[in-house]
file work_0.txt (compact mmCIF, C-alpha atoms)
# COMPACT_ATOMS: atom_id res chain seq x y z
CA MET A 1 -69.56 190.17 -4.91
CA GLN A 2 -68.07 191.48 -1.66
CA LYS A 3 -64.56 191.50 -3.18
CA LEU A 4 -65.82 193.32 -6.26
CA PHE A 5 -67.60 195.92 -4.10
CA LEU A 6 -64.37 196.48 -2.07
CA VAL A 7 -62.30 196.97 -5.24
CA LEU A 8 -64.80 199.54 -6.57
CA ILE A 9 -64.61 201.51 -3.30
CA ILE A 10 -60.78 201.57 -3.38
CA LEU A 11 -60.75 202.73 -7.01
CA SER A 12 -63.19 205.48 -6.12
CA PHE A 13 -60.89 206.84 -3.37
CA VAL A 14 -57.83 206.72 -5.64
CA SER A 15 -59.72 208.57 -8.35
CA CYS A 16 -60.85 211.30 -5.95
CA GLY A 17 -57.30 211.84 -4.63
CA SER A 18 -55.90 212.07 -8.14
CA THR A 19 -58.61 214.53 -9.15
CA ARG A 20 -57.86 216.82 -6.20
CA SER A 21 -54.12 216.75 -6.94
CA ASN A 22 -54.66 217.53 -10.61
CA ALA A 23 -57.08 220.33 -9.74
CA THR A 24 -54.50 221.97 -7.47
CA ARG A 25 -51.85 221.86 -10.16
CA GLU A 26 -54.21 223.23 -12.79
CA LYS A 27 -55.17 226.09 -10.47
CA ILE A 28 -51.52 227.06 -10.00
CA ARG A 29 -50.79 226.77 -13.71
CA LYS A 30 -53.74 228.91 -14.76
CA GLU A 31 -52.92 231.61 -12.21
CA TYR A 32 -49.34 232.01 -13.34
CA SER A 33 -49.77 231.35 -17.04
CA LYS A 34 -51.86 234.53 -17.23
CA LYS A 35 -48.63 236.48 -16.87
CA SER A 36 -47.35 235.40 -20.28
CA ASN A 37 -48.28 232.90 -22.97
CA LYS A 38 -45.38 233.71 -25.24
CA THR A 39 -42.77 231.50 -23.58
CA THR A 40 -44.74 228.37 -22.85
CA ASN A 41 -43.54 226.43 -25.89
CA SER A 42 -39.88 226.24 -24.95
CA LYS A 43 -37.33 224.07 -26.72
CA SER A 44 -36.81 222.03 -23.55
CA ASN A 45 -40.46 220.96 -23.60
CA LYS A 46 -40.00 219.69 -27.15
CA LYS A 47 -36.83 217.88 -26.21
CA ASN A 48 -38.22 216.29 -23.05
CA SER A 49 -41.41 215.14 -24.76
CA LYS A 50 -39.41 212.57 -26.70
CA ASN A 51 -38.36 210.68 -23.57
CA LYS A 52 -41.28 211.16 -21.19
CA SER A 53 -41.29 207.52 -20.07
CA LYS A 54 -37.59 207.40 -19.21
CA THR A 55 -36.99 206.92 -15.47
CA THR A 56 -34.84 209.27 -13.37
CA LYS A 57 -33.65 208.58 -9.82
CA LEU A 58 -34.00 211.54 -7.45
CA GLU A 59 -32.34 211.16 -4.06
CA ALA A 60 -32.23 213.91 -1.43
CA THR A 61 -34.83 214.35 1.33
CA SER A 62 -37.02 212.05 -0.78
CA LYS A 63 -35.70 208.95 -2.51
CA VAL A 64 -37.90 208.16 -5.49
CA ASN A 65 -37.82 207.05 -9.10
CA VAL A 66 -39.79 209.34 -11.41
CA THR A 67 -40.33 209.56 -15.14
CA ASN A 68 -39.26 212.49 -17.29
CA SER A 69 -42.95 213.15 -17.78
CA THR A 70 -43.38 213.65 -14.02
CA VAL A 71 -40.44 216.05 -13.88
CA SER A 72 -41.68 217.99 -16.91
CA ASP A 73 -45.14 218.23 -15.37
CA TYR A 74 -43.61 219.62 -12.16
CA ILE A 75 -41.66 222.22 -14.12
CA GLU A 76 -44.73 223.23 -16.09
CA THR A 77 -46.69 223.64 -12.85
CA TYR A 78 -44.18 225.66 -10.83
CA LYS A 79 -42.01 227.54 -13.36
CA TRP A 80 -44.02 230.75 -12.99
CA VAL A 81 -43.90 230.49 -9.19
CA ALA A 82 -40.11 230.12 -9.37
CA MET A 83 -39.77 233.10 -11.72
CA GLU A 84 -41.97 235.30 -9.52
CA ASN A 85 -39.88 234.35 -6.49
CA MET A 86 -36.73 235.20 -8.45
CA LYS A 87 -38.10 238.68 -9.11
CA THR A 88 -39.04 239.30 -5.49
CA HIS A 89 -36.24 237.52 -3.62
CA GLY A 90 -33.33 237.21 -6.06
CA ILE A 91 -33.00 233.41 -6.05
CA PRO A 92 -32.47 232.00 -9.57
CA ALA A 93 -35.58 230.23 -10.85
CA SER A 94 -33.37 227.40 -12.12
CA ILE A 95 -32.02 226.76 -8.62
CA LYS A 96 -35.46 226.88 -6.99
CA LEU A 97 -36.95 224.49 -9.55
CA ALA A 98 -33.98 222.10 -9.35
CA GLN A 99 -34.14 222.03 -5.55
CA GLY A 100 -37.88 221.45 -5.66
CA ILE A 101 -37.49 218.62 -8.16
CA LEU A 102 -34.69 216.99 -6.17
CA GLU A 103 -35.94 217.50 -2.62
CA SER A 104 -39.60 216.64 -3.30
CA GLY A 105 -39.09 213.96 -5.94
CA SER A 106 -41.00 216.23 -8.35
CA GLY A 107 -43.85 216.40 -5.89
CA THR A 108 -44.10 212.61 -5.39
CA GLY A 109 -42.05 212.29 -2.18
CA THR A 110 -43.56 211.65 1.24
CA LEU A 111 -42.90 215.14 2.64
CA SER A 112 -44.33 216.94 -0.38
CA ARG A 113 -47.44 214.74 -0.43
CA ASN A 114 -48.13 214.72 3.32
CA ALA A 115 -46.81 218.14 4.35
CA ASN A 116 -46.57 220.20 1.13
CA ASN A 117 -42.85 220.53 1.97
CA HIS A 118 -41.05 220.72 -1.39
CA PHE A 119 -37.61 221.79 -0.16
CA GLY A 120 -36.86 219.52 2.80
CA ILE A 121 -36.80 222.43 5.27
CA LYS A 122 -36.68 221.38 8.91
CA CYS A 123 -38.23 223.08 11.96
CA ALA A 124 -35.03 224.89 12.94
CA GLY A 125 -35.11 228.53 14.04
CA ASN A 126 -38.27 230.38 14.95
CA TRP A 127 -40.73 228.07 13.20
CA ASN A 128 -44.13 228.27 14.88
CA GLY A 129 -46.20 226.49 12.25
CA GLU A 130 -47.30 222.89 11.93
CA SER A 131 -44.74 220.11 11.61
CA VAL A 132 -44.34 216.43 10.80
CA ALA A 133 -41.83 213.79 11.86
CA PHE A 134 -39.73 212.34 9.06
CA THR A 135 -36.55 210.26 9.05
CA ASP A 136 -33.75 211.98 7.12
CA ASP A 137 -30.24 212.27 8.59
CA ALA A 138 -31.67 211.01 11.89
CA PRO A 139 -34.89 209.20 12.89
CA ASP A 140 -38.09 211.24 13.30
CA GLU A 141 -36.67 214.67 12.59
CA CYS A 142 -38.98 217.68 12.69
CA PHE A 143 -39.92 219.09 9.26
CA ARG A 144 -42.12 222.06 8.44
CA LYS A 145 -45.65 221.48 7.22
CA TYR A 146 -47.46 223.91 4.91
CA ASN A 147 -51.04 224.49 3.83
CA SER A 148 -50.06 224.48 0.15
CA PRO A 149 -47.03 224.03 -2.16
CA LEU A 150 -47.04 227.81 -2.72
CA GLU A 151 -46.38 228.37 0.99
CA SER A 152 -43.43 226.00 0.72
CA PHE A 153 -42.00 227.95 -2.24
CA ALA A 154 -42.42 231.26 -0.39
CA ASP A 155 -40.88 229.91 2.83
CA HIS A 156 -37.91 228.51 0.91
CA SER A 157 -37.19 232.03 -0.38
CA ASN A 158 -37.50 233.56 3.10
CA PHE A 159 -35.37 230.75 4.56
CA LEU A 160 -32.45 231.65 2.27
CA VAL A 161 -32.90 235.43 2.41
CA ASN A 162 -33.19 235.73 6.19
CA ARG A 163 -30.26 233.54 7.24
CA THR A 164 -26.75 234.93 7.49
CA ARG A 165 -25.06 231.78 6.23
CA TYR A 166 -26.75 232.16 2.82
CA GLN A 167 -26.10 235.89 2.36
CA HIS A 168 -23.01 235.35 0.20
CA LEU A 169 -25.22 233.70 -2.43
CA PHE A 170 -26.97 236.96 -3.22
CA SER A 171 -23.73 238.58 -4.39
CA LEU A 172 -23.36 235.89 -7.07
CA ASP A 173 -24.37 236.36 -10.71
CA LYS A 174 -28.03 235.37 -11.05
CA LYS A 175 -27.12 233.42 -14.23
CA ASP A 176 -24.36 231.45 -12.52
CA TYR A 177 -26.42 228.48 -11.37
CA LYS A 178 -23.26 226.42 -10.84
CA ALA A 179 -21.93 228.91 -8.28
CA TRP A 180 -25.32 228.94 -6.55
CA ALA A 181 -25.43 225.14 -6.43
CA HIS A 182 -21.97 224.91 -4.85
CA GLY A 183 -22.77 227.86 -2.58
CA LEU A 184 -25.84 226.12 -1.16
CA LYS A 185 -23.77 223.05 -0.28
CA LYS A 186 -21.00 225.18 1.24
CA ALA A 187 -23.55 227.01 3.40
CA GLY A 188 -24.83 223.69 4.72
CA TYR A 189 -28.19 223.35 2.97
CA ALA A 190 -27.50 219.64 2.37
CA THR A 191 -25.05 217.07 3.70
CA ASP A 192 -24.80 215.12 0.45
CA PRO A 193 -21.37 215.87 -1.12
CA LYS A 194 -22.92 215.34 -4.56
CA TYR A 195 -25.71 217.84 -3.94
CA PRO A 196 -24.28 220.58 -6.24
CA ASP A 197 -23.69 218.09 -9.06
CA LYS A 198 -27.25 216.79 -8.75
CA LEU A 199 -28.71 220.30 -8.98
CA ILE A 200 -26.51 221.21 -11.94
CA SER A 201 -27.40 217.97 -13.72
CA ILE A 202 -31.14 218.65 -13.32
CA ILE A 203 -30.78 222.26 -14.47
CA GLU A 204 -28.86 221.29 -17.59
CA ARG A 205 -30.94 218.20 -18.43
CA TYR A 206 -34.19 220.17 -18.34
CA GLU A 207 -32.66 223.50 -19.43
CA LEU A 208 -33.99 225.28 -16.38
CA TYR A 209 -31.57 228.18 -16.94
CA GLN A 210 -33.97 229.43 -19.62
CA TYR A 211 -36.28 230.65 -16.84
CA ASP A 212 -33.46 232.72 -15.33
CA ASN A 213 -32.95 234.28 -18.75
CA LEU A 214 -36.66 235.04 -19.06
CA VAL A 215 -36.67 236.91 -15.76
CA LEU A 216 -33.41 238.75 -16.39
CA GLY A 217 -34.54 239.69 -19.89
CA ASN A 218 -37.81 241.19 -18.69
CA LEU A 219 -36.68 244.25 -16.74
CA TYR A 220 -35.47 242.17 -13.80
CA ALA A 221 -35.11 244.10 -10.57
CA TYR A 222 -34.43 242.49 -7.20
CA GLN A 223 -36.64 243.76 -4.39
CA ALA A 224 -35.99 243.06 -0.74
CA PRO A 225 -38.74 240.76 0.58
CA THR A 226 -39.44 243.11 3.49
CA GLU A 227 -40.67 245.67 0.98
CA ASN A 228 -42.63 243.31 -1.19
CA LYS A 229 -46.34 242.76 -0.66
CA LYS A 230 -47.69 240.06 -2.89
CA THR A 231 -50.79 237.94 -3.01
CA ILE A 232 -50.59 234.46 -4.56
CA LEU A 233 -53.96 232.83 -5.13
CA ASN A 234 -55.53 232.98 -1.64
CA SER A 235 -52.34 233.65 0.30
CA TYR A 236 -50.63 236.79 1.58
CA GLN A 237 -47.01 237.19 2.63
CA VAL A 238 -46.47 239.32 5.73
CA THR A 239 -44.07 242.24 5.32
CA LYS A 240 -42.65 244.98 7.54
CA GLY A 241 -45.35 247.10 9.14
CA ASP A 242 -48.17 244.58 8.67
CA THR A 243 -50.59 243.80 11.49
CA LEU A 244 -53.50 241.40 11.64
CA TYR A 245 -55.78 244.42 11.57
CA SER A 246 -54.21 246.00 8.46
CA ILE A 247 -54.20 242.67 6.60
CA SER A 248 -57.82 241.94 7.54
CA LYS A 249 -58.90 245.33 6.20
CA LYS A 250 -56.95 244.78 2.99
CA PHE A 251 -58.98 241.63 2.27
CA ASN A 252 -62.30 242.75 3.79
CA MET A 253 -62.09 240.33 6.68
CA THR A 254 -62.34 240.63 10.44
CA VAL A 255 -59.29 240.00 12.60
CA GLU A 256 -61.07 237.02 14.16
CA GLU A 257 -61.75 235.47 10.73
CA LEU A 258 -58.10 235.91 9.77
CA LYS A 259 -56.91 234.34 13.01
CA GLU A 260 -59.36 231.45 12.73
CA ILE A 261 -58.46 230.31 9.20
CA ASN A 262 -54.75 230.57 10.04
CA ARG A 263 -55.06 228.95 13.50
CA ILE A 264 -53.43 231.94 15.17
CA GLN A 265 -53.86 231.97 18.94
CA ASP A 266 -52.54 235.48 19.67
CA ASN A 267 -51.89 238.65 17.67
CA ASN A 268 -48.28 237.89 16.78
CA ILE A 269 -47.23 237.51 13.14
CA ARG A 270 -43.75 237.54 11.63
CA ILE A 271 -42.23 239.03 8.48
CA GLY A 272 -42.25 236.45 5.68
CA GLN A 273 -45.12 234.44 7.19
CA THR A 274 -47.71 233.30 4.66
CA LEU A 275 -51.32 233.76 5.71
CA LYS A 276 -54.44 232.33 4.12
CA VAL A 277 -56.89 235.03 3.09
CA LYS A 278 -60.29 235.05 1.41

call {"tool": "encode", "arguments": {"input": "work_0.txt", "output": "structure tokens"}}
result
Amino acid sequence: MQKLFLVLIILSFVSCGSTRSNATREKIRKEYSKKSNKTTNSKSNKKNSKNKSKTTKLEATSKVNVTNSTVSDYIETYKWVAMENMKTHGIPASIKLAQGILESGSGTGTLSRNANNHFGIKCAGNWNGESVAFTDDAPDECFRKYNSPLESFADHSNFLVNRTRYQHLFSLDKKDYKAWAHGLKKAGYATDPKYPDKLISIIERYELYQYDNLVLGNLYAYQAPTENKKTILNSYQVTKGDTLYSISKKFNMTVEELKEINRIQDNNIRIGQTLKVK
């Protein structure tokens, strides 16, 4: 009886964790699917549905084996996020999705599960947020930790836009995902010599270029992130001229409430920082 009771408790915890994860994904899907329902039934979804149980090996920051179903589910969850980021920051949706799939193991890797880090971004530079230790190129390296996957997607865009070594990418054709893949490797995003080939393979296997075409075919216009003020679910991305006071007023909060939910000790915020709001 004691063994049976223990098994029931374990199953209960597993079920609760799965429910929370599914609820988060559904929340993201519903928020972004409101933007358009016309493009959901893409030909890639039909193609991938035939081989959902086939296993794919993804090896970058995370080293995992995932099924096509897992990859397709990841794409379905984050495609609108990637397209919105393409509109605001100019990074091809195909590249962002492919990097997310590869670096996070389609959301199943250790960093993505424990730190919501979907792009393997380390604590280099002026990172003042939370962090976790993870062994990648060296033991116990410092990686950024986020409050949600959406923060990770937003920070990935700011990471590329605000660093000089990636600036050459933004002069490339937004449809040329191959040039972007090789450009990321050349700029030092990854040490793996096969990194560009892996990204290109993922893009072509799952036809992720279709999301670039959707953005470019719908009055695409790149806007510098310093001029873009956008709220995603319960998050806000800090832009030029913002202060804690102005943001708190925008969302009918007090400065103290804003600081408390974001664990801010002083009044300093930075452009591109993602804040939780009511």

call {"tool": "atom_distance", "arguments": {"input": "work_0.txt", "atom1": "CA of Lys198 in chain A", "atom2": "CA of Lys96 in chain A"}}
result
13.1 Å

call {"tool": "atom_distance", "arguments": {"input": "work_0.txt", "atom1": "CA of Tyr146 in chain A", "atom2": "CA of Asn116 in chain A"}}
result
5.4 Å

call {"tool": "closest_residue", "arguments": {"input": "work_0.txt", "among": "A:Pro149, A:Thr191, A:Ile95, A:Asn268", "to": "Glu204 in chain A", "atoms": "all atoms listed in the file"}}
result
A:Ile95

call {"tool": "closest_residue", "arguments": {"input": "work_0.txt", "among": "A:Thr243, A:Ser94, A:Ser106, A:Thr135", "to": "Gln210 in chain A", "atoms": "all atoms listed in the file"}}
result
A:Ser94

call {"tool": "closest_residue", "arguments": {"input": "work_0.txt", "among": "A:Glu84, A:Glu103, A:Asp212, A:Glu76", "to": "Asp192 in chain A", "atoms": "all atoms listed in the file"}}
result
A:Glu103

call {"tool": "residues_around", "arguments": {"input": "work_0.txt", "residues": "range 152-163 of chain A", "least_positions_apart": "3", "cutoff": "7 Å", "atoms": "only C-alpha atoms", "output": "PyMOL selection string"}}
result
chain A and resi 89+116-119+146+148-149+166-167+272

call {"tool": "atom_distance", "arguments": {"input": "work_0.txt", "atom1": "CA of Thr77 in chain A", "atom2": "CA of Cys142 in chain A"}}
result
27.3 Å

call {"tool": "closest_residue", "arguments": {"input": "work_0.txt", "among": "A:Met86, A:Ile75, A:Ile91, A:Val215", "to": "Leu184 in chain A", "atoms": "only C-alpha atoms"}}
result
A:Ile91

call {"tool": "closest_residue", "arguments": {"input": "work_0.txt", "among": "A:Ile264, A:Leu214, A:Leu150, A:Val81", "to": "Ala115 in chain A", "atoms": "all atoms listed in the file"}}
result
A:Leu150

call {"tool": "closest_residue", "arguments": {"input": "work_0.txt", "among": "A:Met253, A:Leu216, A:Ile247, A:Ile200", "to": "Leu275 in chain A", "atoms": "only C-alpha atoms"}}
result
A:Ile247
